[in-house]
$ cat final_33.txt   # compact mmCIF, C-alpha atoms
# COMPACT_ATOMS: atom_id res chain seq x y z
CA MET A 1 157.68 48.76 73.39
CA ASN A 2 158.32 47.36 76.86
CA GLU A 3 160.14 50.51 77.81
CA ARG A 4 157.18 52.62 76.74
CA LEU A 5 154.81 50.41 78.67
CA ASP A 6 157.02 50.68 81.73
CA ARG A 7 156.99 54.47 81.45
CA LEU A 8 153.21 54.51 81.17
CA LEU A 9 152.80 52.20 84.14
CA SER A 10 155.27 54.26 86.13
CA ALA A 11 153.42 57.49 85.33
CA LYS A 12 150.17 55.89 86.38
CA ARG A 13 151.73 54.73 89.65
CA ASP A 14 153.16 58.21 90.28
CA GLY A 15 149.75 59.80 89.68
CA ALA A 16 148.08 57.37 92.04
CA LEU A 17 150.78 57.95 94.62
CA ASP A 18 150.45 61.73 94.44
CA THR A 19 146.68 61.48 94.77
CA ALA A 20 147.02 59.20 97.78
CA LEU A 21 149.59 61.52 99.37
CA ASP A 22 147.28 64.49 98.86
CA GLY A 23 144.43 62.59 100.44
CA SER A 24 146.61 61.61 103.35
CA LEU A 25 147.84 65.15 104.01
CA ASP A 26 144.32 66.55 103.68
CA GLU A 27 142.88 63.80 105.88
CA ALA A 28 140.59 62.67 103.10
CA LEU A 29 141.54 58.99 102.75
CA TYR A 30 139.42 55.98 103.49
CA GLU A 31 141.03 53.36 105.69
CA SER A 32 141.60 51.01 102.76
CA GLU A 33 143.29 53.81 100.78
CA ARG A 34 145.47 54.63 103.77
CA SER A 35 146.58 51.01 104.03
CA GLU A 36 147.38 50.96 100.33
CA LEU A 37 149.43 54.13 100.70
CA GLU A 38 151.36 52.70 103.64
CA ARG A 39 152.12 49.61 101.57
CA LEU A 40 153.36 51.81 98.72
CA LEU A 41 155.55 53.85 101.04
CA GLU A 42 157.07 50.74 102.55
CA ALA A 43 157.85 49.30 99.14
CA SER A 44 159.26 52.30 97.31
CA GLU A 45 162.03 54.72 98.13
CA ASP A 46 160.77 57.09 95.42
CA ALA A 47 157.37 57.09 97.08
CA ARG A 48 158.94 57.93 100.44
CA ARG A 49 160.94 60.77 98.86
CA ARG A 50 157.79 62.16 97.24
CA ALA A 51 155.95 61.96 100.54
CA ILE A 52 158.69 63.95 102.24
CA GLU A 53 158.61 66.55 99.44
CA PHE A 54 154.86 67.01 99.90
CA GLU A 55 155.17 67.19 103.67
CA LEU A 56 157.85 69.85 103.33
CA ILE A 57 155.57 71.89 101.11
CA ASP A 58 152.82 71.80 103.71
CA ALA A 59 155.25 72.59 106.51
CA SER A 60 156.63 75.56 104.57
CA LEU A 61 153.14 76.84 103.93
CA ARG A 62 152.21 76.53 107.59
CA ARG A 63 155.38 78.38 108.56
CA LEU A 64 154.46 81.14 106.14
CA ALA A 65 150.98 81.32 107.61
CA ALA A 66 152.32 81.46 111.15
CA GLU A 67 154.00 84.81 110.61
CA VAL A 68 152.75 87.08 113.33
CA ILE A 69 150.72 90.08 112.31
CA PRO A 70 151.24 92.87 114.85
CA GLU A 71 148.23 93.56 117.02
CA GLN A 72 148.56 97.28 116.30
CA ARG A 73 148.20 96.64 112.60
CA LEU A 74 144.96 94.75 113.15
CA GLU A 75 143.63 97.44 115.46
CA ARG A 76 144.53 100.09 112.90
CA GLY A 77 142.61 98.05 110.36
CA TYR A 78 139.58 97.91 112.59
CA SER A 79 139.75 101.64 113.23
CA ALA A 80 139.93 102.24 109.49
CA LEU A 81 136.96 99.95 109.03
CA ALA A 82 135.01 101.90 111.66
CA ARG A 83 135.91 105.19 109.96
CA ARG A 84 134.76 103.87 106.59
CA VAL A 85 131.47 102.72 108.08
CA GLU A 86 130.88 106.09 109.71
CA ALA A 87 131.96 107.99 106.61
CA SER A 88 129.50 106.04 104.49
CA GLY A 89 126.81 107.87 106.45
CA GLU A 90 124.33 105.12 105.84
CA THR A 91 121.76 103.99 108.28
CA GLY A 92 120.42 100.54 108.87
CA ASN A 93 123.09 97.88 108.80
CA ARG A 94 125.94 100.30 108.76
CA ARG A 95 125.92 101.92 112.14
CA HIS A 96 128.95 102.79 114.16
CA LEU A 97 131.28 99.99 115.12
CA VAL A 98 132.09 99.42 118.73
CA SER A 99 135.71 99.73 119.69
CA ILE A 100 137.89 96.70 120.11
CA ARG A 101 140.42 98.79 121.96
CA GLY A 102 140.53 99.64 125.62
CA VAL A 103 140.38 96.16 127.02
CA SER A 104 143.47 94.02 126.85
CA ARG A 105 143.32 90.55 125.38
CA ARG A 106 144.76 89.07 128.57
CA ARG A 107 142.08 90.65 130.72
CA LEU A 108 139.32 89.53 128.35
CA LEU A 109 140.71 86.02 128.36
CA GLY A 110 140.63 86.03 132.15
CA TRP A 111 137.03 87.19 132.14
CA GLY A 112 136.09 84.61 129.57
CA ILE A 113 137.59 81.70 131.46
CA ALA A 114 136.19 82.92 134.77
CA ALA A 115 132.75 83.34 133.22
CA ALA A 116 132.87 79.87 131.66
CA ALA A 117 133.92 78.31 134.97
CA ALA A 118 131.22 80.20 136.88
CA LEU A 119 128.58 79.15 134.39
CA TRP A 120 129.66 75.55 134.55
CA VAL A 121 129.36 75.56 138.34
CA ALA A 122 126.06 77.43 138.12
CA SER A 123 124.71 74.91 135.64
CA LEU A 124 125.30 72.17 138.19
CA VAL A 125 123.68 73.85 141.20
CA ILE A 126 121.02 76.25 139.94
CA PRO A 127 117.64 74.78 139.05
CA ARG A 128 116.25 75.63 135.66
CA GLY A 129 114.21 78.83 135.61
CA ASP A 130 111.15 79.59 133.55
CA GLU A 131 113.14 81.56 130.98
CA PRO A 132 116.05 79.55 129.58
CA ALA A 133 119.25 81.46 128.97
CA ASP A 134 119.21 82.39 125.33
CA ASP A 135 121.62 85.17 124.72
CA LEU A 136 125.04 86.38 125.69
CA ALA A 137 123.75 88.91 128.21
CA SER A 138 122.10 86.16 130.17
CA LEU A 139 125.47 84.49 130.55
CA GLY A 140 126.75 87.20 132.79
CA LEU A 141 128.59 88.89 129.96
CA ALA A 142 127.52 92.34 128.93
CA GLU A 143 128.90 92.02 125.45
CA ALA A 144 129.93 89.36 123.00
CA GLY A 145 133.16 91.30 122.84
CA ASP A 146 134.03 89.61 126.12
CA LEU A 147 134.21 86.40 124.17
CA GLU A 148 136.41 87.61 121.41
CA VAL A 149 139.70 86.38 122.76
CA ILE A 150 138.53 83.03 123.93
CA GLU A 151 140.19 80.55 121.66
CA GLU A 152 138.30 77.86 119.86
CA LEU A 153 138.27 75.21 122.57
CA GLU A 154 137.62 77.67 125.33
CA LEU A 155 134.77 79.14 123.37
CA LEU A 156 133.32 75.71 122.73
CA GLU A 157 133.53 74.95 126.43
CA PHE A 158 131.86 78.24 127.16
CA LEU A 159 129.03 77.57 124.73
CA ALA A 160 128.61 74.05 126.03
CA ALA A 161 128.28 75.45 129.54
CA ARG A 162 125.61 77.79 128.30
CA ASP A 163 123.72 74.93 126.73
CA ARG A 164 123.94 72.94 129.92
CA GLN A 165 122.56 75.89 131.81
CA ALA A 166 119.70 76.21 129.36
CA GLU A 167 118.88 72.54 129.70
CA GLY A 168 118.87 72.67 133.48
CA PRO A 169 120.39 70.22 135.93
CA ARG A 170 120.89 66.64 134.79
CA GLY A 171 119.12 63.72 136.40
CA MET B 1 118.96 73.71 118.03
CA GLN B 2 122.08 75.79 118.46
CA PRO B 3 124.64 75.86 115.64
CA SER B 4 127.86 74.15 116.66
CA ASP B 5 130.15 76.62 114.88
CA PRO B 6 130.99 79.29 117.49
CA ASP B 7 131.55 81.86 114.76
CA VAL B 8 128.09 81.23 113.39
CA ARG B 9 126.74 81.86 116.86
CA LEU B 10 128.63 85.13 117.06
CA MET B 11 127.31 86.09 113.63
CA LEU B 12 123.77 85.28 114.74
CA ALA B 13 124.31 87.38 117.85
CA PHE B 14 125.46 90.20 115.58
CA ARG B 15 122.43 89.71 113.34
CA ASP B 16 120.21 89.89 116.39
CA GLY B 17 121.60 93.22 117.44
CA ASP B 18 124.72 92.57 119.48
CA GLU B 19 127.05 95.15 117.95
CA THR B 20 130.07 93.84 119.78
CA ALA B 21 129.85 90.46 118.05
CA LEU B 22 131.33 91.92 114.86
CA ALA B 23 134.34 93.13 116.82
CA ALA B 24 134.63 89.63 118.24
CA LEU B 25 134.55 88.11 114.77
CA TYR B 26 137.11 90.60 113.56
CA ARG B 27 139.40 89.66 116.45
CA ARG B 28 139.09 86.00 115.59
CA TRP B 29 139.50 86.22 111.84
CA ALA B 30 141.32 89.40 110.80
CA ALA B 31 144.86 88.02 111.07
CA ARG B 32 144.05 84.81 109.21
CA LEU B 33 142.23 86.62 106.44
CA LEU B 34 144.98 89.19 106.13
CA ARG B 35 147.67 86.51 105.72
CA TYR B 36 145.62 84.85 103.01
CA LEU B 37 144.85 88.10 101.21
CA GLU B 38 148.49 89.18 101.29
CA ARG B 39 149.47 85.96 99.55
CA ILE B 40 146.92 86.52 96.82
CA VAL B 41 147.21 90.25 96.10
CA LYS B 42 150.85 90.56 97.27
CA GLU B 43 150.51 94.14 98.43
CA PRO B 44 150.00 94.59 102.18
CA ALA B 45 148.09 97.88 101.87
CA VAL B 46 145.72 96.39 99.31
CA ALA B 47 145.24 93.32 101.47
CA GLU B 48 144.32 95.53 104.44
CA GLU B 49 141.76 97.35 102.34
CA LEU B 50 140.30 94.05 101.16
CA LEU B 51 140.09 92.88 104.75
CA GLN B 52 138.00 95.94 105.57
CA ASP B 53 135.88 95.34 102.48
CA THR B 54 135.27 91.78 103.62
CA PHE B 55 133.95 92.90 106.98
CA ILE B 56 131.86 95.61 105.36
CA ARG B 57 130.24 92.83 103.31
CA VAL B 58 129.63 90.91 106.53
CA LEU B 59 128.13 94.02 108.05
CA ASP B 60 125.87 94.57 105.08
CA ALA B 61 124.73 90.96 105.09
CA ARG B 62 123.83 90.83 108.77
CA GLU B 63 120.06 91.01 108.42
CA ARG B 64 119.81 88.38 105.72
CA TYR B 65 122.47 86.13 107.21
CA ALA B 66 121.41 82.50 107.44
CA PRO B 67 123.94 79.91 108.53
CA GLU B 68 124.23 77.44 105.68
CA ALA B 69 127.89 76.54 106.12
CA ARG B 70 130.77 77.12 108.46
CA PHE B 71 131.30 80.81 109.02
CA SER B 72 134.90 80.57 107.80
CA THR B 73 133.74 79.14 104.48
CA TRP B 74 131.44 82.09 103.94
CA LEU B 75 134.09 84.57 105.06
CA PHE B 76 136.78 83.19 102.77
CA HIS B 77 134.29 83.08 99.92
CA ILE B 78 133.72 86.82 100.33
CA ALA B 79 137.42 87.60 100.76
CA ARG B 80 138.45 85.51 97.81
CA ASN B 81 135.88 87.13 95.50
CA LEU B 82 137.10 90.56 96.52
CA ALA B 83 140.71 89.51 95.96
CA CYS B 84 139.87 88.18 92.49
CA ASN B 85 138.17 91.44 91.59
CA GLU B 86 141.25 93.29 92.77
CA LEU B 87 143.53 91.06 90.69
CA ALA B 88 141.40 91.69 87.65
CA ARG B 89 141.61 95.43 88.24
CA SER B 90 145.35 95.36 88.86
CA ARG B 91 145.90 93.50 85.60
CA SER B 92 144.82 96.58 83.72
CA ARG B 93 146.41 98.99 86.21
CA HIS B 94 149.97 97.64 86.32
CA PRO B 95 151.73 97.19 83.00
CA HIS B 96 154.91 95.97 84.78
CA VAL B 97 153.17 92.81 85.83
CA SER B 98 154.37 89.98 83.67
CA THR B 99 152.19 87.18 82.42
CA ASP B 100 152.67 83.47 82.24
CA ALA B 101 150.59 80.71 80.74
CA GLY B 102 148.38 79.00 83.27
CA GLU B 103 145.01 78.76 84.86
CA ASP B 104 143.67 82.04 86.11
CA PHE B 105 141.31 82.64 89.00
CA HIS B 106 138.28 81.92 86.89
CA GLY B 107 139.57 78.49 86.10
CA GLU B 108 140.29 79.20 82.47
CA THR B 109 143.53 78.78 80.64
CA SER B 110 144.80 82.24 79.98
CA PRO B 111 147.72 84.50 80.83
CA ARG B 112 147.99 84.85 84.58
CA LEU B 113 149.54 87.36 86.91
CA VAL B 114 153.02 86.87 88.20
CA LEU B 115 154.65 89.79 89.94
CA VAL B 116 158.08 90.57 88.60
CA SER B 117 160.59 89.22 91.09
CA SER B 118 162.24 91.82 93.25
CA GLY B 119 165.35 89.65 93.56
CA PRO B 120 166.87 88.14 96.64
CA ALA B 121 166.20 89.71 100.00
CA PRO B 122 169.13 91.75 101.35
CA ASP B 123 169.66 89.43 104.27
CA ASP B 124 169.28 86.09 102.60
CA HIS B 125 172.54 84.70 103.94
CA ALA B 126 170.87 82.50 106.48
CA ASP B 127 169.70 79.19 105.05
CA ALA B 128 166.32 79.33 106.67
CA ARG B 129 165.58 82.78 105.38
CA ARG B 130 166.67 81.86 101.90
CA GLU B 131 164.54 78.74 101.91
CA HIS B 132 161.61 80.74 103.17
CA ALA B 133 162.02 83.31 100.42
CA ARG B 134 162.47 80.61 97.81
CA PHE B 135 159.24 78.97 98.89
CA GLU B 136 157.42 82.28 98.84
CA ARG B 137 158.58 82.94 95.31
CA ALA B 138 157.52 79.49 94.18
CA LEU B 139 154.13 79.92 95.83
CA ALA B 140 153.64 83.30 94.18
CA THR B 141 153.94 81.75 90.74
CA LEU B 142 150.98 79.45 91.27
CA PRO B 143 147.63 80.41 89.77
CA GLU B 144 145.29 81.99 92.28
CA ARG B 145 142.92 79.02 92.38
CA GLN B 146 145.73 76.63 93.22
CA GLN B 147 147.07 78.95 95.90
CA THR B 148 143.65 79.38 97.46
CA ALA B 149 142.83 75.67 97.36
CA LEU B 150 146.16 74.70 98.94
CA TRP B 151 145.99 77.48 101.52
CA LEU B 152 142.49 76.56 102.63
CA ALA B 153 143.35 72.85 102.78
CA VAL B 154 146.66 73.14 104.60
CA VAL B 155 146.45 76.33 106.64
CA GLU B 156 142.73 76.55 107.32
CA GLY B 157 142.13 72.81 107.44
CA GLN B 158 139.03 73.08 105.29
CA SER B 159 137.57 70.00 103.69
CA TYR B 160 137.50 69.58 99.91
CA GLU B 161 133.75 70.24 100.04
CA GLU B 162 134.24 73.52 101.88
CA ILE B 163 136.97 74.62 99.50
CA ALA B 164 134.70 73.75 96.58
CA SER B 165 132.11 76.05 98.11
CA VAL B 166 134.63 78.90 98.42
CA LEU B 167 135.85 78.45 94.85
CA GLY B 168 132.47 77.69 93.34
CA SER B 169 133.72 74.46 91.83
CA SER B 170 133.44 70.72 92.25
CA VAL B 171 135.17 68.56 94.83
CA GLN B 172 137.08 66.77 92.08
CA SER B 173 138.29 70.09 90.74
CA VAL B 174 139.50 71.04 94.22
CA LYS B 175 141.38 67.75 94.53
CA ASN B 176 143.07 68.47 91.22
CA LEU B 177 143.95 72.02 92.23
CA VAL B 178 145.43 70.95 95.55
CA HIS B 179 147.38 68.20 93.87
CA ARG B 180 148.72 70.42 91.10
CA ALA B 181 149.72 73.06 93.65
CA ARG B 182 151.68 70.59 95.77
CA ALA B 183 153.27 68.85 92.82
CA THR B 184 154.27 72.12 91.16
CA LEU B 185 155.73 73.52 94.36
CA ALA B 186 157.63 70.33 95.06
CA ASP B 187 159.05 70.33 91.53
CA ARG B 188 159.97 74.02 91.63
CA MET B 189 161.64 73.70 95.00
CA ALA B 190 163.64 70.77 93.67
CA GLU B 191 164.56 72.64 90.49
CA THR B 192 165.82 75.71 92.32
CA ALA B 193 167.62 73.83 95.08
CA VAL B 194 170.88 73.45 93.16
CA PRO B 195 171.28 77.11 92.13
CA ALA B 196 170.67 78.03 95.77
CA VAL B 197 173.57 75.88 96.89
CA GLU B 198 175.79 77.22 94.15
CA ARG B 199 174.96 80.78 95.11
CA ARG B 200 176.28 80.14 98.59
CA ARG B 201 179.68 79.09 97.30

$ encode --input "final_33.txt" --output "structure tokens"
Amino acid sequence: MNERLDRLLSAKRDGALDTALDGSLDEALYESERSELERLLEASEDARRRAIEFELIDASLRRLAAEVIPEQRLERGYSALARRVEASGETGNRRHLVSIRGVSRRRLLGWGIAAAAALWVASLVIPRGDEPADDLASLGLAEAGDLEVIEELELLEFLAARDRQAEGPRG
Amino acid sequence: MQPSDPDVRLMLAFRDGDETALAALYRRWAARLLRYLERIVKEPAVAEELLQDTFIRVLDARERYAPEARFSTWLFHIARNLACNELARSRSRHPHVSTDAGEDFHGETSPRLVLVSSGPAPDDHADARREHARFERALATLPERQQTALWLAVVEGQSYEEIASVLGSSVQSVKNLVHRARATLADRMAETAVPAVERRR
């Protein structure tokens, strides 16, 4: 009877541990739950082993997801997409697709950073005009394609600079 | 008020007539979508086609697009639906695909797709490669919903709420899926660890 009860209690503890580990890895724990998990990990070697197993799973998955997909393959995919759109012969939404070829990522990145820096400086010195900047063209970029290689943080910086420009000088 | 998600802003630019914004979105998302789709449908050529289909859906939706969630949530929702349709089609197309009891991509308990193993890779002498392949095989045996939930949580960093939106299920269901995926993978990796060592001898 006691043995059965122990097994049940153990299973319940394991379930709670797994749930807490999931929450921890997915950054979905409240502070109190995190403290409870840390206490569990300190107290139990089994808990620590399970935590390592889960972390290894996530690390393996991230490694799998980090496999590089050749640029040429993606460009081929885009070309195929463009051909399919043109072949559909529809009007309206399905027009032709602009090319993503012809301009290297490195050059676009340079343009993006230079444009963001220029806009940031401009936002500090140029007084607000009557027409606030409201689209990509007004940012000194002819096309949104110029933005395409700016990574997340750079793009956020860029957009923040645009907002600052739209708001006008501070103070 | 400007949306904070830069992809939403690109999509809005595309909606408002900037044709190059779609190319920008493709640049930002194609590789990530393709990796996900390859995991789910397991055939690179099919995954590429589904990637194109996903962007055609984006193209078709441009005029009625209204940002209600993160762009990535919407994009993965489209891609995942297309992948599920493809899996359903392939089930009838490929008789060599074996079945196993489990939860399928509609969340019901029914036979699910597991591709017949092609055996060890020719160059699986290196430990890292063998481990990698072993993990891939274990991952491939998970039901689609578990794979998608774990992938979105771990690789894409989506919240449980966002994953629930992609899967069309509840947050609690997503928690369960993520948990079952991790626990199953951990158990399977542990189970197959010993034969892997023995094989090296």

$ atom_distance --input "final_33.txt" --atom1 "atom CA of Glu68 of chain B" --atom2 "atom CA of Leu33 of chain B"
20.2 Å

$ atom_distance --input "final_33.txt" --atom1 "atom CA of Ala140 of chain B" --atom2 "atom CA of Ile56 of chain B"
27.4 Å

$ closest_residue --input "final_33.txt" --among "B:Ala47, B:Val8, B:Leu87, B:Ala23" --to "Tyr78 of chain A" --atoms "all atoms listed in the file"
B:Ala23

$ interface_residues --input "final_33.txt" --of "chain B" --to "chain A" --cutoff "7 Å" --atoms "all atoms listed in the file" --output "list in words"
Pro6, Glu19, Thr20, Ala21, Ala23, Ala24, Leu25, Arg27, Arg28, Ala30, Ala31, Arg35, Glu48, Gln52, Leu59, Asp60, Ala153, Val154, Val155, His179, Arg182, Leu185 and Ala186 of chain B

$ atom_distance --input "final_33.txt" --atom1 "atom CA of Lys175 of chain B" --atom2 "atom CA of Glu31 of chain A"
18.2 Å

$ residues_near_point --input "final_33.txt" --point "(134.0, 80.7, 96.8)" --cutoff "9 Å" --atoms "all atoms listed in the file" --output "VMD selection string"
chain B and resid 73 to 74 76 to 81 162 to 169

$ residues_near_point --input "final_33.txt" --point "(139.6, 95.4, 98.0)" --cutoff "7 Å" --atoms "all atoms listed in the file" --output "PyMOL selection string"
chain B and resi 46-47+49-50+53+82-83+86

$ build_atoms --input "final_33.txt" --residues "segment 24-44 of chain A" --atoms "N, CA and C atoms" --output "mmCIF file, keeping the file's coordinate frame"
data_model
loop_
_atom_site.group_PDB
_atom_site.id
_atom_site.type_symbol
_atom_site.label_atom_id
_atom_site.label_comp_id
_atom_site.auth_asym_id
_atom_site.auth_seq_id
_atom_site.Cartn_x
_atom_site.Cartn_y
_atom_site.Cartn_z
ATOM 1 N N SER A 24 146.091 61.842 102.008
ATOM 2 C CA SER A 24 146.610 61.610 103.350
ATOM 3 C C SER A 24 146.870 62.931 104.066
ATOM 4 N N LEU A 25 147.529 63.859 103.388
ATOM 5 C CA LEU A 25 147.840 65.150 104.010
ATOM 6 C C LEU A 25 146.574 65.950 104.314
ATOM 7 N N ASP A 26 145.566 65.802 103.474
ATOM 8 C CA ASP A 26 144.320 66.550 103.680
ATOM 9 C C ASP A 26 143.300 65.752 104.483
ATOM 10 N N GLU A 27 143.738 64.648 105.037
ATOM 11 C CA GLU A 27 142.880 63.800 105.880
ATOM 12 C C GLU A 27 141.599 63.424 105.138
ATOM 13 N N ALA A 28 141.769 63.005 103.911
ATOM 14 C CA ALA A 28 140.590 62.670 103.100
ATOM 15 C C ALA A 28 140.727 61.265 102.504
ATOM 16 N N LEU A 29 141.389 60.370 103.244
ATOM 17 C CA LEU A 29 141.540 58.990 102.750
ATOM 18 C C LEU A 29 140.639 58.044 103.527
ATOM 19 N N TYR A 30 140.101 57.068 102.806
ATOM 20 C CA TYR A 30 139.420 55.980 103.490
ATOM 21 C C TYR A 30 140.486 55.049 104.077
ATOM 22 N N GLU A 31 140.074 54.233 105.010
ATOM 23 C CA GLU A 31 141.030 53.360 105.690
ATOM 24 C C GLU A 31 141.747 52.438 104.689
ATOM 25 N N SER A 32 140.980 51.927 103.736
ATOM 26 C CA SER A 32 141.600 51.010 102.760
ATOM 27 C C SER A 32 142.640 51.755 101.917
ATOM 28 N N GLU A 33 142.340 53.017 101.573
ATOM 29 C CA GLU A 33 143.290 53.810 100.780
ATOM 30 C C GLU A 33 144.540 54.112 101.605
ATOM 31 N N ARG A 34 144.332 54.350 102.890
ATOM 32 C CA ARG A 34 145.470 54.630 103.770
ATOM 33 C C ARG A 34 146.398 53.396 103.852
ATOM 34 N N SER A 35 145.776 52.233 103.964
ATOM 35 C CA SER A 35 146.580 51.010 104.030
ATOM 36 C C SER A 35 147.374 50.808 102.748
ATOM 37 N N GLU A 36 146.719 51.095 101.626
ATOM 38 C CA GLU A 36 147.380 50.960 100.330
ATOM 39 C C GLU A 36 148.564 51.931 100.229
ATOM 40 N N LEU A 37 148.349 53.141 100.721
ATOM 41 C CA LEU A 37 149.430 54.130 100.700
ATOM 42 C C LEU A 37 150.593 53.670 101.570
ATOM 43 N N GLU A 38 150.283 53.175 102.744
ATOM 44 C CA GLU A 38 151.360 52.700 103.640
ATOM 45 C C GLU A 38 152.155 51.579 102.985
ATOM 46 N N ARG A 39 151.448 50.720 102.267
ATOM 47 C CA ARG A 39 152.120 49.610 101.570
ATOM 48 C C ARG A 39 153.062 50.164 100.491
ATOM 49 N N LEU A 40 152.551 51.174 99.773
ATOM 50 C CA LEU A 40 153.360 51.810 98.720
ATOM 51 C C LEU A 40 154.611 52.466 99.304
ATOM 52 N N LEU A 41 154.425 53.140 100.428
ATOM 53 C CA LEU A 41 155.550 53.850 101.040
ATOM 54 C C LEU A 41 156.599 52.867 101.567
ATOM 55 N N GLU A 42 156.123 51.745 102.059
ATOM 56 C CA GLU A 42 157.070 50.740 102.550
ATOM 57 C C GLU A 42 157.883 50.156 101.401
ATOM 58 N N ALA A 43 157.220 50.013 100.253
ATOM 59 C CA ALA A 43 157.850 49.300 99.140
ATOM 60 C C ALA A 43 158.777 50.169 98.301
ATOM 61 N N SER A 44 158.546 51.474 98.282
ATOM 62 C CA SER A 44 159.260 52.300 97.310
ATOM 63 C C SER A 44 159.975 53.484 97.946
#
